[in-house]
file target_8.cif (mmCIF, C-alpha atoms)
data_query
loop_
_atom_site.label_atom_id
_atom_site.label_comp_id
_atom_site.auth_asym_id
_atom_site.auth_seq_id
_atom_site.Cartn_x
_atom_site.Cartn_y
_atom_site.Cartn_z
CA MET B 1013 -75.30 112.45 118.28
CA LEU B 1014 -74.69 111.72 121.98
CA LEU B 1015 -75.51 108.06 121.43
CA ARG B 1016 -72.74 107.95 118.84
CA ARG B 1017 -70.37 109.56 121.33
CA ALA B 1018 -71.32 106.89 123.88
CA ARG B 1019 -70.35 104.30 121.28
CA TRP B 1020 -67.09 106.16 120.67
CA VAL B 1021 -66.29 106.06 124.40
CA THR B 1022 -67.13 102.34 124.45
CA ASP B 1023 -64.74 101.79 121.55
CA LYS B 1024 -61.91 103.37 123.52
CA TYR B 1025 -62.75 101.33 126.62
CA ILE B 1026 -62.55 98.09 124.63
CA LEU B 1027 -59.15 99.11 123.27
CA VAL B 1028 -57.92 99.82 126.80
CA MET B 1029 -59.13 96.49 128.18
CA LEU B 1030 -57.75 94.38 125.32
CA GLY B 1031 -54.60 96.38 124.68
CA LEU B 1032 -53.43 97.95 127.96
CA PHE B 1033 -55.04 95.97 130.77
CA PRO B 1034 -53.14 92.70 130.06
CA LEU B 1035 -49.81 94.56 130.25
CA PHE B 1036 -50.52 96.61 133.37
CA VAL B 1037 -48.42 95.78 136.42
CA THR B 1038 -47.73 97.70 139.63
CA PRO B 1039 -45.23 100.53 139.14
CA ARG B 1040 -42.91 99.15 141.80
CA ARG B 1041 -40.48 96.32 142.36
CA GLU B 1042 -41.71 92.81 143.06
CA ALA B 1043 -44.99 93.43 141.25
CA TYR B 1044 -46.15 89.80 141.46
CA THR B 1045 -46.76 90.26 145.18
CA GLY B 1046 -49.52 92.77 144.46
CA ILE B 1047 -50.54 92.08 140.88
CA THR B 1048 -54.08 90.92 141.73
CA GLU B 1049 -54.86 94.08 143.66
CA ALA B 1050 -53.24 96.28 141.00
CA LYS B 1051 -55.17 94.78 138.10
CA PHE B 1052 -58.41 94.77 140.09
CA TRP B 1053 -58.27 98.51 140.73
CA PHE B 1054 -57.21 99.21 137.15
CA PHE B 1055 -60.22 97.21 135.98
CA VAL B 1056 -62.56 98.94 138.44
CA GLY B 1057 -61.27 102.41 137.62
CA ALA B 1058 -61.40 102.01 133.84
CA THR B 1059 -64.82 100.34 133.92
CA CYS B 1060 -66.42 102.87 136.27
CA LEU B 1061 -64.99 105.77 134.25
CA TRP B 1062 -66.43 104.28 131.07
CA LEU B 1063 -69.81 103.50 132.62
CA GLY B 1064 -70.02 106.97 134.14
CA ALA B 1065 -69.24 108.67 130.83
CA VAL B 1066 -71.74 106.51 128.95
CA ALA B 1067 -74.45 107.11 131.55
CA VAL B 1068 -74.00 110.90 131.37
CA LEU B 1069 -74.03 110.90 127.56
CA LEU B 1070 -77.14 108.73 127.33
CA LEU B 1071 -78.94 110.78 129.99
CA ILE B 1072 -78.21 114.06 128.22
CA GLY B 1073 -79.21 112.49 124.94
CA ARG B 1074 -82.51 111.36 126.40
CA LEU B 1075 -83.18 114.86 127.77
CA ARG B 1076 -82.60 116.14 124.24
CA GLY B 1077 -85.09 113.70 122.82
CA GLU B 1078 -82.71 111.00 121.56
CA ARG B 1079 -84.15 107.54 122.09
CA TYR B 1080 -82.22 104.33 122.34
CA ARG B 1081 -83.81 100.91 122.40
CA PRO B 1082 -81.20 98.16 122.63
CA VAL B 1083 -81.81 94.78 121.08
CA ILE B 1084 -82.48 92.26 123.86
CA ARG B 1085 -81.21 88.78 123.14
CA PRO B 1086 -81.72 85.52 125.09
CA ALA B 1087 -78.21 85.85 126.55
CA HIS B 1088 -79.18 89.20 128.09
CA VAL B 1089 -82.17 87.63 129.80
CA ALA B 1090 -80.13 84.73 131.15
CA MET B 1091 -77.47 87.16 132.36
CA ALA B 1092 -80.13 89.11 134.27
CA LEU B 1093 -81.04 85.86 136.05
CA PHE B 1094 -77.38 85.36 136.97
CA LEU B 1095 -77.10 88.92 138.25
CA GLY B 1096 -80.38 88.80 140.18
CA ALA B 1097 -79.58 85.48 141.84
CA GLY B 1098 -76.23 86.90 142.94
CA ALA B 1099 -77.94 89.89 144.54
CA VAL B 1100 -80.40 87.70 146.47
CA SER B 1101 -77.55 85.42 147.55
CA ALA B 1102 -75.51 88.38 148.82
CA ILE B 1103 -78.47 89.76 150.78
CA ALA B 1104 -79.25 86.39 152.35
CA SER B 1105 -75.63 85.46 153.08
CA GLU B 1106 -74.39 85.17 156.65
CA TYR B 1107 -71.13 86.80 155.52
CA GLY B 1108 -72.78 90.18 155.00
CA SER B 1109 -70.56 92.90 153.53
CA LEU B 1110 -67.85 90.35 152.81
CA CYS B 1111 -69.89 89.41 149.74
CA LEU B 1112 -69.27 92.80 148.15
CA LEU B 1113 -65.58 92.42 147.31
CA GLY B 1114 -65.24 88.74 148.17
CA ALA B 1115 -63.42 86.99 150.95
CA ASP B 1116 -59.94 86.86 149.45
CA ARG B 1117 -59.58 87.48 145.73
CA TYR B 1118 -61.84 90.36 144.71
CA ASP B 1119 -64.47 87.98 143.31
CA GLY B 1120 -67.50 89.32 145.20
CA TYR B 1121 -70.75 90.78 143.97
CA VAL B 1122 -69.26 94.17 143.04
CA THR B 1123 -67.00 92.40 140.58
CA THR B 1124 -69.93 90.38 139.25
CA VAL B 1125 -71.93 93.56 138.64
CA LEU B 1126 -69.02 95.13 136.75
CA TYR B 1127 -68.62 91.99 134.63
CA ALA B 1128 -72.31 92.08 133.74
CA ALA B 1129 -72.06 95.82 133.03
CA ILE B 1130 -69.25 95.09 130.56
CA PHE B 1131 -71.38 92.44 128.89
CA TYR B 1132 -74.43 94.67 128.55
CA GLY B 1133 -72.54 97.85 127.71
CA VAL B 1134 -70.31 96.31 125.06
CA SER B 1135 -73.12 94.30 123.49
CA PHE B 1136 -75.46 97.33 123.35
CA LEU B 1137 -72.93 99.99 122.33
CA GLY B 1138 -69.96 98.15 120.89
CA ARG B 1139 -69.39 96.38 117.62
CA PRO B 1140 -66.68 93.93 116.51
CA ARG B 1141 -63.83 95.82 114.86
CA ARG B 1142 -60.55 94.84 113.30
CA ARG B 1143 -58.63 97.18 115.60
CA TYR B 1144 -59.62 95.11 118.65
CA VAL B 1145 -57.93 92.02 117.26
CA TRP B 1146 -54.80 94.05 116.58
CA ALA B 1147 -54.87 95.46 120.12
CA LEU B 1148 -55.12 91.92 121.46
CA GLY B 1149 -52.32 90.83 119.13
CA ILE B 1150 -49.94 93.58 120.26
CA SER B 1151 -50.63 93.06 123.97
CA GLY B 1152 -50.42 89.29 123.57
CA ALA B 1153 -47.11 89.51 121.73
CA LEU B 1154 -45.55 91.77 124.38
CA CYS B 1155 -46.80 89.60 127.22
CA CYS B 1156 -45.41 86.47 125.55
CA ILE B 1157 -42.06 88.12 124.80
CA ILE B 1158 -41.72 89.04 128.47
CA ALA B 1159 -42.64 85.45 129.37
CA VAL B 1160 -39.97 84.07 127.00
CA LEU B 1161 -37.34 86.33 128.59
CA GLN B 1162 -38.40 85.11 132.02
CA LEU B 1163 -38.12 81.52 130.85
CA ALA B 1164 -34.54 82.38 129.90
CA GLY B 1165 -33.94 83.31 133.56
CA LEU B 1166 -34.30 87.08 133.11
CA ASP B 1167 -36.63 89.49 134.87
CA PRO B 1168 -36.83 92.58 132.61
CA LEU B 1169 -39.67 94.23 134.54
CA GLN B 1170 -38.44 93.16 137.98
CA LEU B 1171 -41.69 91.35 138.71
CA TYR B 1172 -40.31 88.59 140.92
CA PRO B 1173 -39.71 89.31 144.62
CA GLY B 1174 -36.26 89.20 146.17
CA GLY B 1175 -34.30 88.59 142.98
CA LEU B 1176 -36.02 85.25 142.33
CA ASN B 1177 -37.05 83.98 138.89
CA TYR B 1178 -39.52 81.64 137.21
CA TYR B 1179 -37.58 78.53 138.23
CA ASP B 1180 -38.11 79.23 141.92
CA LYS B 1181 -41.77 78.22 141.43
CA TYR B 1182 -43.38 76.11 144.14
CA GLU B 1183 -40.28 76.46 146.29
CA ALA B 1184 -39.27 80.00 147.21
CA LEU B 1185 -42.40 81.13 145.33
CA ASN B 1186 -45.78 79.70 146.31
CA ALA B 1187 -46.79 79.22 142.64
CA ALA B 1188 -45.53 79.59 139.07
CA PHE B 1189 -45.58 83.18 137.77
CA LEU B 1190 -44.97 84.30 134.20
CA GLY B 1191 -45.62 87.24 131.90
CA THR B 1192 -47.65 90.30 132.87
CA ILE B 1193 -50.61 88.26 134.11
CA GLY B 1194 -48.91 86.45 136.98
CA ASN B 1195 -50.02 82.97 137.97
CA THR B 1196 -49.45 80.64 135.00
CA GLY B 1197 -52.99 79.28 135.34
CA LEU B 1198 -54.35 82.79 134.77
CA LEU B 1199 -51.80 83.43 132.02
CA ALA B 1200 -53.11 80.30 130.31
CA ALA B 1201 -56.64 81.69 130.56
CA TYR B 1202 -55.48 84.89 128.83
CA LEU B 1203 -53.70 82.90 126.12
CA CYS B 1204 -56.90 80.89 125.61
CA ILE B 1205 -58.52 84.17 124.59
CA ALA B 1206 -55.66 85.51 122.51
CA ALA B 1207 -54.43 82.45 120.60
CA PRO B 1208 -57.73 81.30 118.99
CA CYS B 1209 -58.87 84.84 118.24
CA LEU B 1210 -55.61 85.84 116.53
CA ILE B 1211 -55.14 82.61 114.59
CA VAL B 1212 -58.73 82.32 113.33
CA TYR B 1213 -58.88 85.99 112.37
CA SER B 1214 -55.54 85.94 110.55
CA LEU B 1215 -56.58 82.87 108.54
CA LEU B 1216 -60.01 84.19 107.55
CA SER B 1217 -59.29 87.87 107.00
CA GLU B 1218 -58.86 89.21 103.46
CA HIS B 1219 -56.66 92.09 104.64
CA ARG B 1220 -53.06 91.38 103.59
CA TRP B 1221 -51.49 92.67 106.79
CA ASP B 1222 -53.76 90.63 109.04
CA SER B 1223 -51.68 87.55 108.27
CA VAL B 1224 -49.07 89.11 110.58
CA LEU B 1225 -51.39 88.31 113.50
CA LEU B 1226 -50.57 84.66 112.99
CA LEU B 1227 -47.17 85.34 114.60
CA PRO B 1228 -48.42 86.48 118.03
CA GLY B 1229 -51.06 83.76 117.82
CA ALA B 1230 -48.40 81.10 117.31
CA LEU B 1231 -46.26 82.67 120.07
CA ALA B 1232 -49.24 82.48 122.43
CA VAL B 1233 -49.65 78.78 121.65
CA GLY B 1234 -45.94 78.22 122.23
CA VAL B 1235 -45.98 79.91 125.63
CA LEU B 1236 -49.13 77.98 126.53
CA LEU B 1237 -47.33 74.73 125.76
CA VAL B 1238 -44.27 75.72 127.81
CA CYS B 1239 -46.45 76.79 130.76
CA ASP B 1240 -47.68 73.20 130.89
CA VAL B 1241 -51.06 74.22 132.31
CA ASP B 1242 -53.34 71.27 131.59
CA ALA B 1243 -56.48 73.44 131.67
CA GLY B 1244 -55.19 75.63 128.85
CA LEU B 1245 -54.04 72.70 126.74
CA VAL B 1246 -57.35 70.86 127.13
CA ALA B 1247 -59.23 74.05 126.27
CA LEU B 1248 -57.13 74.66 123.17
CA ALA B 1249 -57.59 71.07 121.99
CA GLY B 1250 -61.36 71.25 122.52
CA CYS B 1251 -61.52 74.63 120.82
CA ILE B 1252 -59.74 73.29 117.72
CA LEU B 1253 -62.09 70.31 117.45
CA VAL B 1254 -65.17 72.53 117.57
CA THR B 1255 -63.93 75.64 115.78
CA VAL B 1256 -62.57 74.08 112.60
CA PRO B 1257 -65.89 72.62 111.36
CA VAL B 1258 -67.79 75.71 112.52
CA VAL B 1259 -65.70 78.37 110.76
CA LEU B 1260 -64.97 76.58 107.48
CA ARG B 1261 -66.74 78.43 104.66
CA ASP B 1262 -67.12 75.43 102.37
CA ARG B 1263 -70.11 73.41 103.58
CA ARG B 1264 -68.77 70.08 102.35
CA ALA B 1265 -65.41 70.70 104.00
CA ALA B 1266 -67.19 71.75 107.20
CA LYS B 1267 -69.18 68.53 107.28
CA THR B 1268 -66.03 66.50 106.68
CA ALA B 1269 -64.22 68.36 109.45
CA ALA B 1270 -67.16 67.80 111.82
CA VAL B 1271 -67.07 64.05 111.14
CA CYS B 1272 -63.30 63.96 111.62
CA ALA B 1273 -63.59 65.93 114.87
CA GLY B 1274 -66.26 63.54 116.12
CA CYS B 1275 -64.15 60.52 115.24
CA LEU B 1276 -61.07 61.99 116.89
CA THR B 1277 -63.05 62.77 120.03
CA ALA B 1278 -64.51 59.26 120.16
CA ALA B 1279 -61.11 57.69 119.57
CA GLY B 1280 -59.53 59.87 122.23
CA LEU B 1281 -62.17 58.99 124.81
CA ALA B 1282 -61.86 55.30 123.99
CA GLY B 1283 -58.09 55.51 124.33
CA LEU B 1284 -58.42 57.22 127.69
CA TYR B 1285 -60.99 54.72 128.91
CA PHE B 1286 -58.68 51.79 128.19
CA TRP B 1287 -55.47 53.59 129.17
CA PRO B 1288 -53.08 50.96 130.61
CA GLY B 1289 -50.94 53.30 132.74
CA ARG B 1290 -51.12 53.54 136.54
CA SER B 1291 -50.09 57.15 137.10
CA GLY B 1292 -49.98 60.57 135.48
CA THR B 1293 -52.57 62.91 134.01
CA LEU B 1294 -53.85 60.45 131.40
CA TRP B 1295 -54.40 57.79 134.06
CA GLU B 1296 -56.30 60.30 136.21
CA LEU B 1297 -58.52 61.17 133.24
CA SER B 1298 -59.06 57.47 132.58
CA ARG B 1299 -60.27 56.94 136.14
CA VAL B 1300 -62.72 59.85 135.73
CA LEU B 1301 -64.25 58.06 132.73
CA HIS B 1302 -64.64 55.03 134.97
CA GLY B 1303 -66.56 57.15 137.46
CA GLU B 1304 -63.68 57.56 139.91
CA LEU B 1305 -62.48 61.06 140.79
CA SER B 1306 -59.28 60.82 142.82
CA ASP B 1307 -58.30 63.56 145.26
CA GLU B 1308 -55.07 64.09 143.31
CA PHE B 1309 -56.81 64.66 139.96
CA GLY B 1310 -55.79 67.93 138.32
CA SER B 1311 -53.35 69.10 141.00
CA HIS B 1312 -55.74 68.10 143.79
CA ARG B 1313 -58.77 69.55 142.03
CA GLY B 1314 -60.54 66.29 142.72
CA GLN B 1315 -60.33 66.92 146.46
CA ILE B 1316 -61.43 70.54 146.04
CA TRP B 1317 -64.36 69.67 143.78
CA LYS B 1318 -65.63 67.01 146.19
CA ALA B 1319 -65.55 69.53 149.02
CA CYS B 1320 -67.30 72.15 146.88
CA TRP B 1321 -70.02 69.71 145.88
CA GLN B 1322 -70.79 69.06 149.52
CA LEU B 1323 -70.95 72.81 150.15
CA PHE B 1324 -73.37 73.18 147.24
CA LEU B 1325 -75.62 70.48 148.68
CA GLU B 1326 -75.69 72.38 151.97
CA LYS B 1327 -77.08 75.53 150.31
CA PRO B 1328 -78.24 74.57 146.81
CA TRP B 1329 -80.57 77.51 146.09
CA LEU B 1330 -78.76 80.63 147.29
CA GLY B 1331 -75.23 79.40 147.99
CA GLY B 1332 -73.02 80.92 150.64
CA GLY B 1333 -72.81 84.34 149.02
CA PRO B 1334 -70.71 85.84 146.18
CA GLY B 1335 -66.99 85.40 146.70
CA THR B 1336 -67.30 83.38 149.93
CA ALA B 1337 -66.11 79.97 148.75
CA GLY B 1338 -62.68 80.63 150.22
CA ARG B 1339 -64.19 80.95 153.69
CA ARG B 1340 -66.20 77.74 153.34
CA ILE B 1341 -63.61 75.42 151.79
CA HIS B 1342 -61.54 74.13 154.69
CA ILE B 1343 -58.68 72.48 152.84
CA VAL B 1344 -55.11 73.22 153.92
CA TRP B 1345 -51.87 71.72 152.63
CA GLN B 1346 -48.54 71.87 154.42
CA ARG B 1347 -45.15 71.18 152.85
CA TYR B 1348 -41.57 71.74 153.94
CA ILE B 1349 -39.70 74.10 151.60
CA GLU B 1350 -35.96 73.55 151.76
CA ALA B 1351 -35.18 76.90 150.11
CA LEU B 1352 -37.05 78.67 152.90
CA GLY B 1353 -36.04 76.36 155.73
CA ARG B 1354 -39.61 76.11 156.98
CA ASP B 1355 -43.05 74.69 156.26
CA ARG B 1356 -45.36 76.44 153.86
CA VAL B 1357 -49.08 76.29 154.56
CA VAL B 1358 -51.40 76.76 151.58
CA SER B 1359 -55.16 77.11 151.95
CA VAL B 1360 -57.70 76.75 149.14
CA GLY B 1361 -59.56 79.97 148.38
CA ASN B 1362 -61.39 79.06 145.19
CA ALA B 1363 -63.36 76.19 143.66
CA HIS B 1364 -60.87 75.91 140.76
CA ASN B 1365 -63.88 75.48 138.50
CA VAL B 1366 -65.83 78.61 137.60
CA TYR B 1367 -69.13 76.78 137.12
CA LEU B 1368 -68.85 74.85 140.38
CA GLY B 1369 -67.78 78.09 142.04
CA HIS B 1370 -71.05 79.73 141.00
CA LEU B 1371 -72.99 76.77 142.39
CA VAL B 1372 -71.20 77.12 145.72
CA ASN B 1373 -71.41 80.92 145.88
CA ILE B 1374 -74.81 81.87 144.43
CA GLY B 1375 -76.67 78.59 144.02
CA ILE B 1376 -78.20 76.63 141.20
CA ILE B 1377 -80.42 79.40 139.78
CA GLY B 1378 -77.56 81.85 139.38
CA ALA B 1379 -75.26 79.19 137.95
CA ALA B 1380 -77.98 78.18 135.48
CA GLY B 1381 -78.26 81.80 134.37
CA TYR B 1382 -74.51 81.98 133.73
CA VAL B 1383 -74.41 78.71 131.80
CA GLY B 1384 -77.58 79.63 129.93
CA ALA B 1385 -76.11 82.95 128.81
CA ALA B 1386 -72.95 81.20 127.63
CA VAL B 1387 -74.93 78.62 125.65
CA CYS B 1388 -77.03 81.36 124.03
CA SER B 1389 -73.88 83.19 122.98
CA LEU B 1390 -72.35 80.04 121.52
CA ILE B 1391 -75.55 79.67 119.46
CA THR B 1392 -75.11 83.29 118.35
CA TRP B 1393 -71.56 82.44 117.31
CA PHE B 1394 -72.78 79.49 115.26
CA ARG B 1395 -75.43 81.58 113.53
CA ARG B 1396 -73.01 84.40 112.76
CA ARG B 1397 -70.04 82.21 111.86
CA ARG B 1398 -69.99 83.36 108.23
CA GLU B 1399 -70.33 87.10 108.91
CA GLY B 1400 -66.76 88.11 108.10
CA PRO B 1401 -63.70 87.00 110.08
CA LEU B 1402 -64.54 88.81 113.32
CA TYR B 1403 -67.41 86.70 114.67
CA PRO B 1404 -65.62 83.37 114.02
CA ALA B 1405 -62.55 84.73 115.80
CA LEU B 1406 -64.49 86.09 118.79
CA GLY B 1407 -66.54 82.91 119.10
CA SER B 1408 -63.48 80.67 119.08
CA ALA B 1409 -61.85 82.79 121.80
CA PHE B 1410 -65.02 82.72 123.89
CA LEU B 1411 -65.37 78.94 123.50
CA CYS B 1412 -61.74 78.30 124.45
CA TYR B 1413 -62.06 80.48 127.55
CA MET B 1414 -65.29 78.76 128.60
CA ILE B 1415 -63.68 75.32 128.32
CA GLN B 1416 -60.73 76.58 130.34
CA ASP B 1417 -63.17 77.84 132.98
CA PHE B 1418 -64.00 74.24 133.84
CA PHE B 1419 -60.56 74.04 135.47
CA GLY B 1420 -59.90 77.75 136.03
CA ILE B 1421 -60.38 80.22 138.87
CA GLY B 1422 -61.84 83.09 136.85
CA LEU B 1423 -60.21 86.03 138.62
CA CYS B 1424 -60.15 89.69 137.63
CA LEU B 1425 -56.65 89.41 136.12
CA THR B 1426 -58.13 87.88 132.95
CA ALA B 1427 -61.92 87.68 133.30
CA PRO B 1428 -62.66 91.31 132.22
CA MET B 1429 -61.16 90.58 128.78
CA ALA B 1430 -63.34 87.50 128.41
CA TRP B 1431 -66.42 89.56 129.26
CA VAL B 1432 -65.44 92.16 126.64
CA VAL B 1433 -65.19 89.39 124.04
CA TRP B 1434 -68.51 88.00 125.25
CA GLY B 1435 -70.18 91.38 124.85
CA LEU B 1436 -68.77 91.82 121.33
CA LEU B 1437 -70.11 88.40 120.39
CA GLU B 1438 -73.62 89.62 121.29
CA SER B 1439 -73.17 93.04 119.67
CA SER B 1440 -76.35 94.57 118.26
CA VAL B 1441 -75.17 97.92 116.83
CA PRO B 1442 -77.28 98.78 113.76
CA ARG B 1443 -75.78 98.20 110.32
CA LYS B 1444 -76.17 101.73 108.99
CA GLU B 1445 -74.28 103.49 111.74
CA THR B 1446 -72.26 106.58 110.80
CA ALA B 1447 -69.49 108.07 112.88
CA ALA B 1448 -69.82 111.42 114.62
CA PRO B 1449 -67.75 114.28 113.17
CA GLY B 1450 -64.08 113.84 113.99
CA MET B 1451 -64.57 110.18 114.93
CA GLU B 1452 -64.45 108.53 111.51
CA GLU B 1453 -62.74 105.19 111.09
CA THR B 1454 -61.41 103.37 108.09
CA ALA B 1455 -64.00 101.50 106.09
CA GLU B 1456 -64.67 97.95 107.14
CA PRO B 1457 -67.68 95.65 106.87
CA VAL B 1458 -70.36 96.23 109.48
CA ILE B 1459 -72.29 93.23 110.74
CA ASP B 1460 -76.02 92.84 110.33
CA ASP B 1461 -78.15 92.24 113.38
CA CYS B 1462 -79.08 88.64 113.96
CA VAL B 1463 -81.86 88.62 116.52
CA PHE B 1464 -83.46 85.36 117.59
#

call {"tool": "encode", "arguments": {"input": "target_8.cif", "output": "structure tokens"}}
result
Amino acid sequence: MLLRRARWVTDKYILVMLGLFPLFVTPRREAYTGITEAKFWFFVGATCLWLGAVAVLLLIGRLRGERYRPVIRPAHVAMALFLGAGAVSAIASEYGSLCLLGADRYDGYVTTVLYAAIFYGVSFLGRPRRRYVWALGISGALCCIIAVLQLAGLDPLQLYPGGLNYYDKYEALNAAFLGTIGNTGLLAAYLCIAAPCLIVYSLLSEHRWDSVLLLPGALAVGVLLVCDVDAGLVALAGCILVTVPVVLRDRRAAKTAAVCAGCLTAAGLAGLYFWPGRSGTLWELSRVLHGELSDEFGSHRGQIWKACWQLFLEKPWLGGGPGTAGRRIHIVWQRYIEALGRDRVVSVGNAHNVYLGHLVNIGIIGAAGYVGAAVCSLITWFRRRREGPLYPALGSAFLCYMIQDFFGIGLCLTAPMAWVVWGLLESSVPRKETAAPGMEETAEPVIDDCVF
């Protein structure tokens, strides 16, 4: 009975993180100036409250003789390696307590532990449900509507400081901010979760009303295109190429789609390799295929990645410590801003590549654990791709986010939602699970376990 209540609490936590967390902003003017801190403490508070409630319920249940043996999957083992390597790195780091919350952006070991707790807790006690996709659809639609109003020059929630708006980006504002997420790079990461999940689910679901979810899914794609964040666009393109052949129910059509996706990928790479231009994003990608990574590639990501690679080589096994990359990357840019009448100095506080960031912060063993867990979960997605519309939708969202991570910064403004999706993808709740009295839900297919 108490185990079922722990699952009920987990259900409510998932709804909060997918439905409310994306929309939460500071209850004050000029919220963009403190949105990272606000969302971090919302995430910490909600997660600790959920974990505390679940721990109490499971402890009481155990004292009453209720036993719970979660299904351990390969992703759980790899995640333990990631978590353990982070702990050793934090202990060995010269930065000491700075590793707990991180040097600048709340990306220290405490955050890592909470992410892993979400993964384990949701995968052990949660189960994919239709209501989660609807929660994501509602929050995604509202976030995108606010973004559209801001693109029209409005500020309905008074999020911009000093009466500024979106078009003051990179001048009076130090970056581009949009929606209820903030930085457009992080907004793109959120849309990489929402758009694939909503579109795939709406197309595969047999519920008549689920087709409505195609609208917020299309709106998310539209905002992603307007944001012009290359990381999000590349992730969405890669997600489409992989997802279509994976989720198609007809085997012959799936094979045809896989061949077409392979041909399109090969043609695209060939086109990039022989690209005749001498500037722009496509030219930069072409030079990468020729083995040349310019400093300007991806808004100076080339310069950042080169510096991070050198930092990794300095401490390949343990890294500098969780969340310390910002203190080790000594890259500073200075530019005169006419609107301000002074120079603006911008320092780099992140690897701008989640995987490279793990290499720099916790070393090769921890990074291998993270990548290994992700690969295991993508295999789970492939094996469960025909188990209703939920697993295909969750897997496509997870894949899109992971591709985006190659160019992203992975902060707490969007990462908790990705970890919830990740946990649901590895869900192992038994098939014949009945709700506790007063906690019944509408009938929907429950997924069989698929242990490997």

call {"tool": "residues_around", "arguments": {"input": "target_8.cif", "residues": "Phe1131 of chain B", "least_positions_apart": "5", "cutoff": "7 Å", "atoms": "all atoms listed in the file", "output": "list of chain:residue names"}}
result
B:Trp1431, B:Val1432, B:Trp1434, B:Gly1435

call {"tool": "write_last_selection", "arguments": {"input": "target_8.cif", "atoms": "C-alpha atoms", "output": "PDB file, keeping the file's coordinate frame"}}
result
ATOM      1  CA  TRP B1431     -66.420  89.560 129.260  1.00  0.00           C
ATOM      2  CA  VAL B1432     -65.440  92.160 126.640  1.00  0.00           C
ATOM      3  CA  TRP B1434     -68.510  88.000 125.250  1.00  0.00           C
ATOM      4  CA  GLY B1435     -70.180  91.380 124.850  1.00  0.00           C
TER       5      GLY B1435
END

call {"tool": "closest_residue", "arguments": {"input": "target_8.cif", "among": "B:Phe1418, B:Phe1410, B:Tyr1127, B:Tyr1213", "to": "Arg1143 of chain B", "atoms": "only C-alpha atoms"}}
result
B:Tyr1213

call {"tool": "resolve_selection", "arguments": {"input": "target_8.cif", "expression": "the PyMOL selection byres ((chain B and resi 1381-1390) around 10)", "output": "PDB file with C-alpha atoms, in the coordinates of the input"}}
result
ATOM      1  CA  ARG B1085     -81.210  88.780 123.140  1.00  0.00           C
ATOM      2  CA  PRO B1086     -81.720  85.520 125.090  1.00  0.00           C
ATOM      3  CA  ALA B1087     -78.210  85.850 126.550  1.00  0.00           C
ATOM      4  CA  HIS B1088     -79.180  89.200 128.090  1.00  0.00           C
ATOM      5  CA  VAL B1089     -82.170  87.630 129.800  1.00  0.00           C
ATOM      6  CA  ALA B1090     -80.130  84.730 131.150  1.00  0.00           C
ATOM      7  CA  MET B1091     -77.470  87.160 132.360  1.00  0.00           C
ATOM      8  CA  ALA B1092     -80.130  89.110 134.270  1.00  0.00           C
ATOM      9  CA  LEU B1093     -81.040  85.860 136.050  1.00  0.00           C
ATOM     10  CA  PHE B1094     -77.380  85.360 136.970  1.00  0.00           C
ATOM     11  CA  LEU B1095     -77.100  88.920 138.250  1.00  0.00           C
ATOM     12  CA  GLY B1096     -80.380  88.800 140.180  1.00  0.00           C
ATOM     13  CA  ALA B1097     -79.580  85.480 141.840  1.00  0.00           C
ATOM     14  CA  TYR B1367     -69.130  76.780 137.120  1.00  0.00           C
ATOM     15  CA  HIS B1370     -71.050  79.730 141.000  1.00  0.00           C
ATOM     16  CA  ILE B1376     -78.200  76.630 141.200  1.00  0.00           C
ATOM     17  CA  ILE B1377     -80.420  79.400 139.780  1.00  0.00           C
ATOM     18  CA  GLY B1378     -77.560  81.850 139.380  1.00  0.00           C
ATOM     19  CA  ALA B1379     -75.260  79.190 137.950  1.00  0.00           C
ATOM     20  CA  ALA B1380     -77.980  78.180 135.480  1.00  0.00           C
ATOM     21  CA  ILE B1391     -75.550  79.670 119.460  1.00  0.00           C
ATOM     22  CA  THR B1392     -75.110  83.290 118.350  1.00  0.00           C
ATOM     23  CA  TRP B1393     -71.560  82.440 117.310  1.00  0.00           C
ATOM     24  CA  PHE B1394     -72.780  79.490 115.260  1.00  0.00           C
ATOM     25  CA  ARG B1395     -75.430  81.580 113.530  1.00  0.00           C
ATOM     26  CA  ARG B1396     -73.010  84.400 112.760  1.00  0.00           C
ATOM     27  CA  GLY B1407     -66.540  82.910 119.100  1.00  0.00           C
ATOM     28  CA  SER B1408     -63.480  80.670 119.080  1.00  0.00           C
ATOM     29  CA  PHE B1410     -65.020  82.720 123.890  1.00  0.00           C
ATOM     30  CA  LEU B1411     -65.370  78.940 123.500  1.00  0.00           C
ATOM     31  CA  MET B1414     -65.290  78.760 128.600  1.00  0.00           C
ATOM     32  CA  TRP B1434     -68.510  88.000 125.250  1.00  0.00           C
ATOM     33  CA  GLY B1435     -70.180  91.380 124.850  1.00  0.00           C
ATOM     34  CA  LEU B1437     -70.110  88.400 120.390  1.00  0.00           C
ATOM     35  CA  GLU B1438     -73.620  89.620 121.290  1.00  0.00           C
ATOM     36  CA  PHE B1464     -83.460  85.360 117.590  1.00  0.00           C
TER      37      PHE B1464
END

call {"tool": "residues_around", "arguments": {"input": "target_8.cif", "residues": "Ala1430 of chain B", "least_positions_apart": "4", "cutoff": "12 Å", "atoms": "all atoms listed in the file", "output": "count of residues only"}}
result
39

call {"tool": "atom_distance", "arguments": {"input": "target_8.cif", "atom1": "atom CA of Trp1053 of chain B", "atom2": "atom CA of Asp1023 of chain B"}}
result
20.5 Å

call {"tool": "resolve_selection", "arguments": {"input": "target_8.cif", "expression": "the PyMOL selection byres ((chain B and resi 1273) around 9)", "output": "ChimeraX atom specification"}}
result
/B:1252-1254,1256-1257,1268-1272,1274-1278
